[in-house]
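**Q** Once you've had a glance at the structure underneath, I'll fire off some questions.
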Amino acid sequence: MDPEPLANVEWTNIGRLLTHLWISVGLVVFIATNLLAGHIVIPSLVASKHIPEMAQKSRPAFYALAILSFVAVICVFHNIYSGSGIDLRSVIDTVWSDYWI
């Protein structure tokens, strides 16, 4: 395998792939934060009387945000696999043919 310099098209597609992957990482962190807040933090603080009982009503909003973020992650991965006619996974094959090394 003789290394060749990458063209602008490959660099653009690599940049798009990395952008999509970082967006998905951020959304997963957002999902985890909302699930922790809605399922653990709020009930714990209400039980210990640090926040009023009325705060329990905000829990469905945290769950809804987590579900919407999950749908957004699915959309980002769908965009990676078939977004705008370019399969961003194929960029790795053009740059690095030995995938499992």
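Letters A, B, ... go to the chains of the structure tokens in the order shown; residues in each chain start at 1; ligands are counted from 1 in the same order.
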Can you list, as a list in words, every protein, DNA or RNA residue that comes within 10 Å of Leu45 of chain A when you count only C-alpha atoms, leaving out same-chain residues fewer than 6 positions away?

**A**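 Residues near the query, excluding close chain neighbours: Ile51, Pro52, Glu53, Ala55 and Gln56 of chain A.
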
**Q** With only C-alpha atoms as the basis for distance, which of A:Glu4, A:Ala61, A:Gly15, A:Val9 is at the shortest distance from Ile80 of chain A?

**A** A:Gly15

**Q** Show me, as JSON, numbers by chain, the residues that have an atom within 10 Å of Tyr63 of chain A when counting only C-alpha atoms, minus same-chain residues fewer than 4 positions from it.

**A** {"A": [31, 34, 35, 36, 37, 38, 39, 58, 59, 67, 68, 69]}

**Q** Any chance you can output those residues with C-alpha atoms as a PDB file, in the first residue's frame?

**A**
```pdb
ATOM      1  CA  ILE A  31     -29.627  12.442  26.716  1.00  0.00           C
ATOM      2  CA  ASN A  34     -31.708  14.707  31.014  1.00  0.00           C
ATOM      3  CA  LEU A  35     -32.290  11.129  32.103  1.00  0.00           C
ATOM      4  CA  LEU A  36     -30.179  11.644  35.235  1.00  0.00           C
ATOM      5  CA  ALA A  37     -31.997  14.852  36.095  1.00  0.00           C
ATOM      6  CA  GLY A  38     -35.451  13.445  35.475  1.00  0.00           C
ATOM      7  CA  HIS A  39     -35.018  10.004  36.950  1.00  0.00           C
ATOM      8  CA  SER A  58     -41.014  18.916  35.488  1.00  0.00           C
ATOM      9  CA  ARG A  59     -39.846  15.306  35.152  1.00  0.00           C
ATOM     10  CA  ILE A  67     -36.490  11.114  23.734  1.00  0.00           C
ATOM     11  CA  LEU A  68     -36.220  14.005  21.267  1.00  0.00           C
ATOM     12  CA  SER A  69     -32.446  13.918  21.569  1.00  0.00           C
TER      13      SER A  69
END
```

**Q** Compile the contact shell of Ile74 of chain A as a PDB file with C-alpha atoms, in the first residue's frame: residues with an atom at most 12 Å away, counting only C-alpha atoms, same-chain residues fewer than 4 positions apart removed.

**A**
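See part.pdb below for the written result:
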```
ATOM      1  CA  HIS A  20     -21.537  14.337  12.592  1.00  0.00           C
ATOM      2  CA  LEU A  21     -19.758  12.111  15.104  1.00  0.00           C
ATOM      3  CA  ILE A  23     -22.743  16.107  17.223  1.00  0.00           C
ATOM      4  CA  SER A  24     -23.861  12.582  18.106  1.00  0.00           C
ATOM      5  CA  VAL A  25     -21.506  12.519  21.123  1.00  0.00           C
ATOM      6  CA  LEU A  27     -26.493  14.582  21.908  1.00  0.00           C
ATOM      7  CA  VAL A  28     -25.737  11.379  23.825  1.00  0.00           C
ATOM      8  CA  ILE A  67     -36.490  11.114  23.734  1.00  0.00           C
ATOM      9  CA  LEU A  68     -36.220  14.005  21.267  1.00  0.00           C
ATOM     10  CA  SER A  69     -32.446  13.918  21.569  1.00  0.00           C
ATOM     11  CA  PHE A  70     -32.471  10.177  20.923  1.00  0.00           C
ATOM     12  CA  HIS A  78     -29.036   8.187   9.217  1.00  0.00           C
ATOM     13  CA  ASN A  79     -27.383  11.258   7.720  1.00  0.00           C
ATOM     14  CA  ILE A  80     -23.973   9.611   8.110  1.00  0.00           C
ATOM     15  CA  TYR A  81     -25.149   6.500   6.277  1.00  0.00           C
TER      16      TYR A  81
END
```

**Q** Env of Leu6 of chain A: 12 Å cut, atoms = only C-alpha atoms, seq-sep filter 6 positions within chain, self excluded. Answer as number ranges by chain.

**A** A: 12-14, 91-92, 94-96

**Q** Would you output that residue set with N, CA and C atoms, as a PDB file, in the first residue's frame?

**A**
```pdb
ATOM      1  N   THR A  12     -12.875  17.104   2.887  1.00  0.00           N
ATOM      2  CA  THR A  12     -14.213  17.633   3.160  1.00  0.00           C
ATOM      3  C   THR A  12     -15.105  16.562   3.764  1.00  0.00           C
ATOM      4  N   ASN A  13     -15.088  15.361   3.188  1.00  0.00           N
ATOM      5  CA  ASN A  13     -15.919  14.275   3.708  1.00  0.00           C
ATOM      6  C   ASN A  13     -15.456  13.818   5.094  1.00  0.00           C
ATOM      7  N   ILE A  14     -14.156  13.810   5.339  1.00  0.00           N
ATOM      8  CA  ILE A  14     -13.661  13.466   6.674  1.00  0.00           C
ATOM      9  C   ILE A  14     -14.123  14.511   7.682  1.00  0.00           C
ATOM     10  N   VAL A  91     -15.689   7.076   3.225  1.00  0.00           N
ATOM     11  CA  VAL A  91     -14.479   7.898   3.300  1.00  0.00           C
ATOM     12  C   VAL A  91     -13.367   7.125   3.992  1.00  0.00           C
ATOM     13  N   ILE A  92     -13.719   6.373   5.013  1.00  0.00           N
ATOM     14  CA  ILE A  92     -12.713   5.599   5.739  1.00  0.00           C
ATOM     15  C   ILE A  92     -12.108   4.538   4.828  1.00  0.00           C
ATOM     16  N   THR A  94     -11.715   4.699   1.595  1.00  0.00           N
ATOM     17  CA  THR A  94     -10.830   5.285   0.588  1.00  0.00           C
ATOM     18  C   THR A  94      -9.502   5.706   1.199  1.00  0.00           C
ATOM     19  N   VAL A  95      -9.501   6.064   2.464  1.00  0.00           N
ATOM     20  CA  VAL A  95      -8.271   6.515   3.116  1.00  0.00           C
ATOM     21  C   VAL A  95      -7.513   5.341   3.713  1.00  0.00           C
ATOM     22  N   TRP A  96      -8.233   4.431   4.345  1.00  0.00           N
ATOM     23  CA  TRP A  96      -7.607   3.328   5.078  1.00  0.00           C
ATOM     24  C   TRP A  96      -8.306   2.039   4.694  1.00  0.00           C
TER      25      TRP A  96
END
```

**Q** Any chance you could list, as a PyMOL selection string, the residues in chain A that come up alpha helix (DSSP H) when DSSP is run on the backbone?

**A** chain A and resi 8-36+42-47+59-82+90-95
